[in-house]
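The block underneath contains the structure these notes are about, expressed in structure tokens.
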2 protein chains.
Amino acid sequence: MSLLVVGSLAFDSVETPNGSVDDALGGSATFFSYAASFFTKPRVVGVVGEDFPDEHRRLLAAHDIDLSGLVTEKGGRTFRWKGRYHQDMNTRDTLEVHLNVLGTFNPQVPQPFRDSTHVFLANSSPGVQAAVLEQVKAPKMVLADTMDLWIDTQRAELLRLLPRLDGLLLNDSEAHLLTGENNLVRAGHAVRKLGPRFVIIKKGEHGAMLFAEDGVFVVPAYPTDNVLDPTGAGDSFAGGLLGALASDNSPSPGRLRRAMAYGTVVASFTVEDFSLNRLKRLERHEIDERLEQYRKMLSF
Amino acid sequence: MSLLVVGSLAFDSVETPNGSVDDALGGSATFFSYAASFFTKPRVVGVVGEDFPDEHRRLLAAHDIDLSGLVTEKGGRTFRWKGRYHQDMNTRDTLEVHLNVLGTFNPQVPQPFRDSTHVFLANSSPGVQAAVLEQVKAPKMVLADTMDLWIDTQRAELLRLLPRLDGLLLNDSEAHLLTGENNLVRAGHAVRKLGPRFVIIKKGEHGAMLFAEDGVFVVPAYPTDNVLDPTGAGDSFAGGLLGALASDNSPSPGRLRRAMAYGTVVASFTVEDFSLNRLKRLERHEIDERLEQYRKMLSF
């Protein structure tokens with residue numbers, strides 16, 4: 001099995017009530033691929049500018065991430081995002097966005113990546129996501145993320161994409177926005193009716209809900225007492241989830257739920273430090289140990 | 001084992017995006033005792049006015065609720081609450097409160113109730129809660145609810161009460177208010193340091209967290225797609241929880257978690273209709289069936 005992610009690599013400047021970082025390594029493809037790399041060897045398609053340091057490439061490559069689909073745009077600057085988290089750490093304001101090289105990026109999936117079995121279309125316009133999907137031969141599992149901007153401005157394109165997905169990831173307010181349903185359970189079912197085989201609604205510190213053929217499943221977030229920076233939690237969740245799926249051949253009906261638990265646990269490590277700092281120190285056995293704690297926590 | 005609740009019986013007027021009721025049967029002791037009555041025979045101490053109809057007494061008595069501690073104040077009017085839920089059903093505005101007979105109520109625990117083993121001190125001033133506790137001989141398990149008003153205005157009294165409790169129930173914003181901690185896990189541990197043996201933080205549609213000797217446990221809410229009226233959910237949760245504990249003699253360490261699951265399931269029925277309407281139609285086997293669904297939903 002082989003896992004492809006198409007998404008952003010970024011410099012994040014983040015302020016939280018517990019500290020701040022400037023121009024730290026971030027981006028959806030970064031968090032996703034690093035999280036997934038605890039399970040499999042992810043392939044990245046993305047773009048950076050000439051300001052993207054070799055140090056970051058080495059960090060990712062050393063963790064078994066295949067960067068041969070990473071384009072460096074001559075004379076370009078890497079995507080930058082600046083945000084500030086509120087006291088509750090569950091809401092944030094975007095202070096600055098500089099798309100830079102991401103603004104005109106037209107992702108090309110290299111020939112050797114076109115046989116990928118698992119694909120994550122990180123948050124991007126549904127048109128770009130569809131164009132990427134065209135380039136993958138016969139994916140077994142395609143998961144996409146989206147955001148309020150596309151629901152508002154490119155609804156038709158998004159609605160065309162949804163039936164081509166296995167899974168759609170979105171947060172609670174986006175599920176409301178897409179369906180008009182206020183009840184999250186109804187909203188989840190309503191999104192599924194739009195085409196994806198399963199839907200995952202992310203609720204930040206409150207966990208996630210899965211809507212699938214065999215019903216609704218709920219996972220609380222792993223209760224960590226040390227949340228330094230929630231940036232990247234959603235993409236780490238997706239990376240842990242799809243990484244676990246891509247490395248799990250068992251036909252059991254609980255695969256998706258187990259993968260969600262892995263995603264939850266990996267995301268709980270991500271938020272314990274800024275940028276990739278906690279993941280950089282993380283070892284696979286810690287993931288499995290926390291997964292067991294989490295399992296006990298949910299059993300009665 | 002015997003379960004005592006001291007709390008309110010009320011007429012609730014509720015507006016939600018899905019409908020409204022006027023002067024419907026409500027109150028903390030009402031929801032708590034009805035929820036608990038699926039497990040044990042609860043004893044109620046409370047006060048109503050002469051306007052409280054026999055029909056309501058018959059409803060509760062018919063469900064094995066002992067009303068011999070219910071005082072009817074001559075010439076008095078029953079406590080009334082009026083509220084309106086927002087579109088998300090997780091927040092509400094209180095439009096009117098008429099304490100009426102509740103304003104001067106000084107609860108007396110009847111002699112035959114003083115041997116109660118399990119006690120729920122529903123939301124009330126910590127002074128009143130302490131005075132009730134004095135009247136119970138040797139309770140094995142005392143659980144209390146509180147609210148922002150008492151944390152703000154009677155903090156000293158509340159802090160004196162906490163070490164006398166086994167468990168304290170409060171919601172997420174109240175836990176922040178009481179401890180100054182924004183991270184819920186830290187807030188839960190901090191509340192426990194104030195005295196109660198365990199702490200349950202209620203998060204509405206997002207479930208609840210338990211902080212106990214043996215660690216932190218998280219339970220998501222049961223995902224019902226039919227939320228008509230959240231009023232009484234918290235007290236139903238407490239009633240299911242303490243009712244299950246009062247009827248469960250097993251020494252297993254998972255008792256409290258299993259009780260929380262029962263509380264969660266009973267509360268999920270409460271919100272499916274206004275007032276006690278769903279609980280009135282509920283049968284015990286439905287609780288056990290939903291508990292099994294819920295257990296499956298959380299396993300991976």
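Each chain in the structure tokens gets a letter, A, B, ..., in the order shown, and its residues are numbered from 1; ligands are numbered from 1 in order too.
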Please tabulate, as a Markdown table, the residues of chain A that come within 6 Å of chain B, each with its closest pair of atoms and the distance in Å to one decimal, counting only C-alpha atoms and ordering rows by chain, then residue number upward.
| residue | atom | partner | partner_atom | distance |
| --- | --- | --- | --- | --- |
| A:Asp88 | CA | B:Asn182 | CA | 5.8 |
| A:Asn182 | CA | B:Asp88 | CA | 5.8 |
| A:Val185 | CA | B:Asp225 | CA | 5.0 |
| A:Arg186 | CA | B:Asp225 | CA | 5.5 |
| A:Phe217 | CA | B:Met297 | CA | 5.0 |
| A:Pro220 | CA | B:Pro220 | CA | 5.7 |
| A:Asp225 | CA | B:Val185 | CA | 5.0 |
| A:Gly254 | CA | B:Phe300 | CA | 5.9 |
| A:Arg257 | CA | B:Phe300 | CA | 5.5 |
| A:Arg258 | CA | B:Phe300 | CA | 4.9 |
| A:Met297 | CA | B:Phe217 | CA | 5.0 |
| A:Phe300 | CA | B:Arg258 | CA | 4.9 |
*Near range 40-53 of chain A, counting only C-alpha atoms, which residues have an atom at most 8 Å away, once you skip same-chain residues fewer than 2 positions from it, shown as a PyMOL selection string?*
chain A and resi 2-10+29+33+36-38+55-57+64-79+101-102+105+107-109+113+243-244+246-247
*Return as an MDAnalysis selection string the full set of residues in range 18-219 of chain A whose backbone-based DSSP assignment is strand (DSSP E or B).*
chainID A and resid 19:26 43:49 66:73 79:85 92:98 118:121 141:145 167:171 198:202 208:212 215:219
*asked:* Given only C-alpha atoms as the basis, pick out the residue of B:Arg58, B:Arg155, B:Lys137, B:Arg92 nearest to Asp229 in chain B.
replied: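 So, comparing all the options, the nearest one is B:Arg92.
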*Can you list, as a list of chain:residue names, every protein, DNA or RNA residue that comes within 7 Å of Ser13 in chain B when you count only C-alpha atoms, leaving out same-chain residues fewer than 6 positions away?*
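Listed by chain and then number, they are B:Val21, B:Asp22, B:Asp23, B:Ala24, B:Trp81, B:Lys82, B:Gly83.
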*asked:* Between CA of Thr231 in chain B and CA of Phe39 in chain B, what distance in Å does the model show, to one decimal?
replied: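 Here the two named atoms are 21.2 Å from each other.
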*Name the residues of range 78-298 of chain A that fall into helix (DSSP H, G or I) according to DSSP on the backbone, using the chain letters and numbers of this document, as a count of residues only.*
103
*May I ask for the distance between CA of Met141 in chain A and CA of Gly103 in chain A, given in Å to one decimal place?*
27.2 Å
*For Ala122 in chain A, which of A:Ala233, A:Ala238, A:Leu245, A:Leu25 is the closest residue, counting only C-alpha atoms?*
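Result for the nearest residue to Ala122 in chain A: A:Ala238.
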_Computed interatomic separation between CA of Leu228 in chain B and CA of Gly19 in chain B (Å)_ =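 One can read the CA of Leu228 in chain B to CA of Gly19 in chain B distance as 7.6 Å.
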